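One file, structure23.cif, carrying mmCIF, C-alpha atoms:
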```cif
data_final
#
loop_
_atom_site.label_atom_id
_atom_site.label_comp_id
_atom_site.auth_asym_id
_atom_site.auth_seq_id
_atom_site.Cartn_x
_atom_site.Cartn_y
_atom_site.Cartn_z
CA MET A 1 82.19 -19.09 47.92
CA SER A 2 85.81 -18.44 48.91
CA THR A 3 87.46 -15.60 50.81
CA PRO A 4 90.82 -13.86 50.25
CA ARG A 5 92.13 -15.47 53.43
CA GLU A 6 91.36 -18.94 52.04
CA LEU A 7 92.66 -18.17 48.55
CA TYR A 8 95.93 -16.67 49.78
CA GLU A 9 96.52 -19.87 51.70
CA ALA A 10 95.52 -22.11 48.79
CA TYR A 11 97.87 -20.29 46.39
CA ARG A 12 100.67 -20.10 49.00
CA ILE A 13 100.98 -16.31 48.94
CA MET A 14 103.76 -14.91 51.09
CA PRO A 15 102.57 -13.22 54.32
CA ASP A 16 103.90 -9.76 53.43
CA LEU A 17 102.29 -9.99 49.99
CA ARG A 18 98.95 -10.97 51.54
CA LEU A 19 99.05 -7.89 53.75
CA HIS A 20 100.11 -5.67 50.84
CA GLN A 21 97.12 -6.76 48.75
CA LEU A 22 94.75 -6.29 51.69
CA ARG A 23 96.11 -2.79 52.30
CA VAL A 24 95.77 -1.88 48.62
CA ALA A 25 92.17 -3.13 48.65
CA ALA A 26 91.49 -1.14 51.82
CA VAL A 27 92.85 2.04 50.21
CA GLY A 28 90.76 1.41 47.09
CA LYS A 29 87.60 0.73 49.08
CA ARG A 30 88.03 3.76 51.30
CA ILE A 31 88.35 6.07 48.31
CA CYS A 32 85.45 4.39 46.49
CA ASN A 33 83.28 4.93 49.58
CA HIS A 34 83.87 8.67 49.21
CA PHE A 35 83.86 8.88 45.40
CA SER A 36 81.19 10.80 43.47
CA GLU A 37 81.67 9.30 39.99
CA PRO A 38 80.00 5.99 39.04
CA ILE A 39 82.36 3.16 39.93
CA ASP A 40 82.04 -0.59 40.56
CA THR A 41 83.48 -0.79 44.07
CA ASP A 42 83.26 -4.59 44.13
CA GLU A 43 85.36 -4.85 40.99
CA VAL A 44 87.94 -2.42 42.37
CA VAL A 45 88.17 -4.33 45.64
CA LEU A 46 88.53 -7.72 43.96
CA ALA A 47 91.18 -6.47 41.51
CA CYS A 48 93.12 -4.92 44.40
CA LEU A 49 92.85 -8.05 46.54
CA PHE A 50 94.41 -10.24 43.85
CA HIS A 51 96.50 -7.88 41.69
CA ASP A 52 99.87 -9.24 42.91
CA MET A 53 99.13 -12.95 43.22
CA GLY A 54 101.97 -13.75 40.81
CA ASN A 55 104.60 -11.45 42.26
CA ILE A 56 106.73 -14.23 43.71
CA VAL A 57 108.02 -14.93 40.19
CA LYS A 58 109.81 -11.56 40.12
CA PHE A 59 111.20 -11.68 43.67
CA ASP A 60 114.85 -12.05 44.58
CA LEU A 61 114.13 -14.13 47.65
CA GLY A 62 117.50 -13.29 49.16
CA TYR A 63 116.70 -9.58 49.33
CA PHE A 64 114.31 -9.63 52.31
CA PRO A 65 115.25 -12.75 54.31
CA GLU A 66 113.06 -11.72 57.25
CA ALA A 67 109.99 -11.91 54.98
CA LEU A 68 110.63 -15.62 54.37
CA GLU A 69 110.09 -16.71 57.96
CA PRO A 70 108.92 -18.94 59.50
CA ARG A 71 108.94 -21.32 56.50
CA GLY A 72 112.33 -20.24 55.21
CA ARG A 73 113.95 -19.60 51.85
CA GLU A 74 113.98 -23.19 50.62
CA TYR A 75 110.19 -23.44 50.96
CA TRP A 76 109.55 -20.18 49.08
CA GLU A 77 112.08 -21.01 46.35
CA GLN A 78 110.11 -24.19 45.75
CA VAL A 79 106.84 -22.23 45.60
CA LYS A 80 108.45 -19.83 43.11
CA ARG A 81 109.65 -22.69 40.86
CA GLU A 82 106.25 -24.39 40.90
CA THR A 83 104.45 -21.10 40.17
CA GLU A 84 106.74 -20.43 37.19
CA GLU A 85 106.26 -23.95 35.87
CA ARG A 86 102.48 -23.65 36.05
CA TYR A 87 101.88 -20.03 35.00
CA GLY A 88 105.06 -18.50 33.51
CA THR A 89 107.50 -15.82 34.60
CA GLU A 90 105.74 -12.47 33.92
CA GLN A 91 104.13 -11.37 37.18
CA HIS A 92 101.09 -9.57 35.75
CA GLU A 93 100.27 -12.49 33.46
CA VAL A 94 100.66 -14.92 36.36
CA SER A 95 98.40 -12.77 38.54
CA ALA A 96 95.78 -12.65 35.78
CA ALA A 97 95.94 -16.42 35.24
CA ILE A 98 95.33 -17.00 38.94
CA GLY A 99 92.60 -14.36 38.88
CA ARG A 100 90.91 -16.23 36.04
CA GLU A 101 90.96 -19.43 38.12
CA ILE A 102 89.49 -17.51 41.05
CA GLY A 103 86.68 -16.23 38.84
CA LEU A 104 87.45 -12.52 38.47
CA SER A 105 85.69 -10.59 35.71
CA GLU A 106 87.40 -9.98 32.38
CA GLN A 107 87.59 -6.27 33.14
CA ALA A 108 89.31 -6.95 36.46
CA LEU A 109 91.74 -9.33 34.74
CA ASN A 110 92.51 -6.73 32.08
CA MET A 111 93.15 -4.14 34.79
CA ILE A 112 95.57 -6.51 36.54
CA VAL A 113 97.49 -7.33 33.35
CA HIS A 114 97.84 -3.62 32.55
CA ALA A 115 98.74 -2.37 36.02
CA GLY A 116 102.48 -1.94 35.44
CA TYR A 117 104.44 1.29 35.30
CA ARG A 118 104.69 1.04 31.53
CA ASP A 119 100.89 1.44 31.54
CA MET A 120 100.87 4.70 33.55
CA PRO A 121 100.35 7.02 30.53
CA ALA A 122 97.37 4.95 29.35
CA ILE A 123 95.90 4.82 32.87
CA VAL A 124 96.16 8.60 33.22
CA GLU A 125 94.50 9.12 29.83
CA SER A 126 91.79 6.51 30.42
CA GLU A 127 88.22 7.25 31.51
CA ASN A 128 88.08 3.92 33.38
CA TRP A 129 87.84 4.94 37.05
CA ALA A 130 88.23 1.38 38.32
CA TRP A 131 91.54 0.98 36.49
CA LYS A 132 92.73 4.34 37.82
CA MET A 133 91.71 3.36 41.36
CA LEU A 134 93.59 0.06 41.27
CA LYS A 135 96.79 1.75 40.13
CA TYR A 136 96.52 4.62 42.55
CA ALA A 137 95.76 2.39 45.54
CA ASP A 138 98.80 0.26 44.71
CA LEU A 139 100.95 3.40 44.49
CA ARG A 140 99.96 4.35 48.03
CA VAL A 141 101.11 1.10 49.71
CA ALA A 142 104.79 0.46 50.39
CA PRO A 143 106.11 -2.77 51.98
CA HIS A 144 105.79 -1.32 55.47
CA GLY A 145 102.40 0.37 55.08
CA VAL A 146 100.43 3.24 53.57
CA VAL A 147 102.58 6.17 52.42
CA SER A 148 102.37 9.30 50.28
CA LEU A 149 103.27 9.18 46.59
CA GLU A 150 106.55 10.97 47.32
CA GLU A 151 107.47 8.39 49.97
CA ARG A 152 106.50 5.55 47.67
CA PHE A 153 108.74 6.76 44.86
CA ALA A 154 111.60 7.33 47.28
CA ASP A 155 111.18 3.68 48.31
CA PHE A 156 111.30 2.64 44.63
CA ALA A 157 114.55 4.53 44.22
CA VAL A 158 116.13 2.46 46.98
CA ARG A 159 114.69 -0.93 46.10
CA TYR A 160 114.85 -0.73 42.29
CA ARG A 161 117.77 1.68 41.85
CA SER A 162 115.56 4.41 40.33
CA LYS A 163 113.96 2.03 37.83
CA VAL A 164 110.50 3.56 38.34
CA SER A 165 111.40 6.61 40.40
CA ASP A 166 111.99 9.17 37.66
CA ARG A 167 110.28 12.54 37.78
CA GLU A 168 108.05 11.81 34.80
CA THR A 169 106.52 8.73 36.43
CA LEU A 170 106.02 10.56 39.73
CA ALA A 171 104.36 13.40 37.83
CA GLN A 172 102.00 10.89 36.22
CA GLY A 173 101.18 9.53 39.67
CA LYS A 174 100.43 13.05 40.92
CA THR A 175 98.18 13.64 37.90
CA LEU A 176 96.34 10.41 38.66
CA GLU A 177 95.95 11.49 42.27
CA ALA A 178 94.53 14.87 41.24
CA GLN A 179 92.08 13.20 38.84
CA ILE A 180 90.73 10.89 41.53
CA PHE A 181 90.49 13.36 44.39
CA ALA A 182 88.76 15.96 42.22
CA HIS A 183 85.76 13.62 42.59
CA ALA A 184 86.21 12.53 46.22
CA SER A 185 84.97 13.97 49.50
CA ILE A 186 88.28 13.10 51.18
CA GLN A 187 91.85 14.11 50.36
CA PRO A 188 95.09 12.12 49.83
CA GLU A 189 96.23 12.90 53.38
CA ASP A 190 93.09 11.15 54.68
CA ILE A 191 94.48 7.85 53.37
CA THR A 192 96.68 6.51 56.18
CA ASP A 193 97.45 3.24 57.97
CA ALA A 194 95.06 4.30 60.72
CA THR A 195 92.14 5.06 58.42
CA VAL A 196 92.42 1.87 56.34
CA ALA A 197 93.26 -0.52 59.19
CA PRO A 198 89.59 -1.15 60.15
CA LEU A 199 88.91 -2.42 56.62
CA ILE A 200 91.69 -5.00 56.50
CA GLU A 201 90.09 -7.70 58.64
CA GLU A 202 86.77 -7.15 56.85
CA LEU A 203 88.44 -7.57 53.47
CA SER A 204 90.14 -10.80 54.57
CA GLU A 205 86.64 -12.31 54.50
CA TYR A 206 85.38 -10.48 51.41
CA PRO A 207 83.19 -12.79 49.29
CA VAL A 208 84.88 -13.91 46.07
CA SER A 209 82.89 -15.33 43.11
#
```
Now that the file is in, can you turn its structure into structure tokens?
Amino acid sequence: MSTPRELYEAYRIMPDLRLHQLRVAAVGKRICNHFSEPIDTDEVVLACLFHDMGNIVKFDLGYFPEALEPRGREYWEQVKRETEERYGTEQHEVSAAIGREIGLSEQALNMIVHAGYRDMPAIVESENWAWKMLKYADLRVAPHGVVSLEERFADFAVRYRSKVSDRETLAQGKTLEAQIFAHASIQPEDITDATVAPLIEELSEYPVS
């Protein structure tokens, strides 16, 4: 049985991306722990822990040079080339392919493949709470930590030049938030760096397959 810590190392996941996935999983687990509807918490956690395993294929590695240390840009460019050669160039498909190797369930893999912003309308309309939880947890984690939806979309506007920061997409995110917290004993403002931090080390050793 492997752990996320071991699998991140085996698949050469960038340090910031490791922490992002752990934070997303911690957000998902915290909400699940206070959620009244039936939900497979283990499936949510595993999907969150590995939802961005293929994200290096979409990165402009010159954009955040500080994130490339201590190994440096040449090392990560090589990892990116090898990942593309083995799995392809679409990040969700790459993440799902790695998830399949890890042994994730078909539902978790389907959630990962369909976790993009183009899928937001379907996620909002869906009755699949696990899928909703994965997307919402990811929306709450920016590169520097846990943030509100408004802060997350402001970050998108800067990093992606408003590619996913339009009012309609933010409105969909707010609808998703309302759907989830209508069935939770906590509120969105209870999801912070401080409240999820205790879960991160635990999730680094979460049992996988």
Next item on the list: For Ala108 of chain A, list every protein, DNA or RNA residue within 7 Å, evaluated using all atoms listed in the file, and leave out those in the same chain fewer than 3 positions away; present the list as a PyMOL selection string.
Entry: chain A and resi 43+47+104-105+111-112
Check: If you count all atoms listed in the file, which residues fall within 10 Å of Leu176 of chain A, apart from same-chain ones fewer than 2 positions away, as a list in words?
Finding: Met120, Pro121, Ile123, Val124, Glu125, Lys132, Met133, Lys135, Tyr136, Leu170, Ala171, Gln172, Gly173, Lys174, Ala178, Gln179, Ile180 and Phe181 of chain A
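Restricting the calculation to all atoms listed in the file, the smallest distance between Val146 of chain A and any of A:Val45, A:Ile186, A:Leu109, A:Ala25 is found for A:Ala25.
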Item checked: Nearest to Glu201 of chain A by atom-to-atom distance, counting only C-alpha atoms, from A:Lys58, A:Arg23, A:His114, A:Arg12 -> A:Arg23
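Residues surrounding Pro38 of chain A within 12 Å are Cys32, Asn33, His34, Phe35, Thr41, Glu127, Asn128, Trp129, Ala130, His183 and Ala184 of chain A [only C-alpha atoms; sequence separation below 3 positions excluded].
Between atom CA of Thr83 of chain A and atom CA of Glu9 of chain A the separation is 14.0 Å.
Minimum atom-to-atom distances from A:Ile102, A:Val79, A:Ala197, A:Ala96 to Leu61 of chain A were compared using all atoms listed in the file, and the lowest value belongs to A:Val79.
Atom CA of Cys48 of chain A sits 13.9 Å away from atom CA of Leu7 of chain A.
Among the candidate residues A:Leu199, A:Ile191, A:Ala122, A:Met14, the one lying nearest to Asp52 of chain A is A:Met14, with distances computed using only C-alpha atoms.
When all atoms listed in the file are used to compute distances to Ala115 of chain A, the closest of the residues A:Arg152, A:His51, A:Arg167, A:Arg86 turns out to be A:His51.
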Could you give me, as a compact mmCIF listing (two decimals) with C-alpha atoms, keeping the file's coordinate frame, the residues within 12 Å of Phe59 of chain A, counting all atoms listed in the file and dropping anything in the same chain fewer than 2 positions from it?
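Ended up saving to selection04.txt:
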```txt
# COMPACT_ATOMS: atom_id res chain seq x y z
CA MET A 14 103.76 -14.91 51.09
CA LEU A 17 102.29 -9.99 49.99
CA ASP A 52 99.87 -9.24 42.91
CA GLY A 54 101.97 -13.75 40.81
CA ASN A 55 104.60 -11.45 42.26
CA ILE A 56 106.73 -14.23 43.71
CA VAL A 57 108.02 -14.93 40.19
CA LEU A 61 114.13 -14.13 47.65
CA GLY A 62 117.50 -13.29 49.16
CA TYR A 63 116.70 -9.58 49.33
CA PHE A 64 114.31 -9.63 52.31
CA PRO A 65 115.25 -12.75 54.31
CA ALA A 67 109.99 -11.91 54.98
CA LEU A 68 110.63 -15.62 54.37
CA ARG A 73 113.95 -19.60 51.85
CA TRP A 76 109.55 -20.18 49.08
CA GLU A 77 112.08 -21.01 46.35
CA VAL A 79 106.84 -22.23 45.60
CA LYS A 80 108.45 -19.83 43.11
CA ARG A 81 109.65 -22.69 40.86
CA GLU A 84 106.74 -20.43 37.19
CA THR A 89 107.50 -15.82 34.60
CA GLU A 90 105.74 -12.47 33.92
CA GLN A 91 104.13 -11.37 37.18
CA ARG A 159 114.69 -0.93 46.10
CA TYR A 160 114.85 -0.73 42.29
```
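Taking atom CA of Ala154 of chain A and atom CA of Val141 of chain A as the two end points, the separation is 12.4 Å.
This file, queried with the PyMOL selection byres ((chain A and resi 142) around 10), gives the residues A:His20, A:Arg23, A:Val24, A:Asp138, A:Leu139, A:Arg140, A:Val141, A:Pro143, A:His144, A:Gly145, A:Val146, A:Val147, A:Ser148, A:Leu149, A:Glu151, A:Arg152, A:Phe153, A:Asp155, A:Phe156.
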Item checked: Distance query Ser2 of chain A at most 9 Å, all atoms listed in the file, self and fewer than 5 positions along chain excluded, as a ChimeraX atom specification -> /A:7,102,205-209
Deliver the residues from the most recent selection as a file, using C-alpha atoms, as a tab-separated table (two decimals), in the frame of the given file.
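Contents of result23.tsv, freshly written:
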```tsv
chain	number	residue	atom	x	y	z
A	7	LEU	CA	92.66	-18.17	48.55
A	102	ILE	CA	89.49	-17.51	41.05
A	205	GLU	CA	86.64	-12.31	54.50
A	206	TYR	CA	85.38	-10.48	51.41
A	207	PRO	CA	83.19	-12.79	49.29
A	208	VAL	CA	84.88	-13.91	46.07
A	209	SER	CA	82.89	-15.33	43.11
```
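The closest residue to Gly28 of chain A, picked from A:Arg100, A:Ala137, A:Asp42, A:Glu150 and counting only C-alpha atoms, is A:Ala137.
Once the PyMOL selection byres ((chain A and resi 8) around 10) is applied to this file, the selection holds Thr3, Pro4, Arg5, Glu6, Leu7, Glu9, Ala10, Tyr11, Arg12, Ile13, Met14, Pro15, Leu17, Arg18, Leu49, Phe50, Met53 and Ser204 of chain A.
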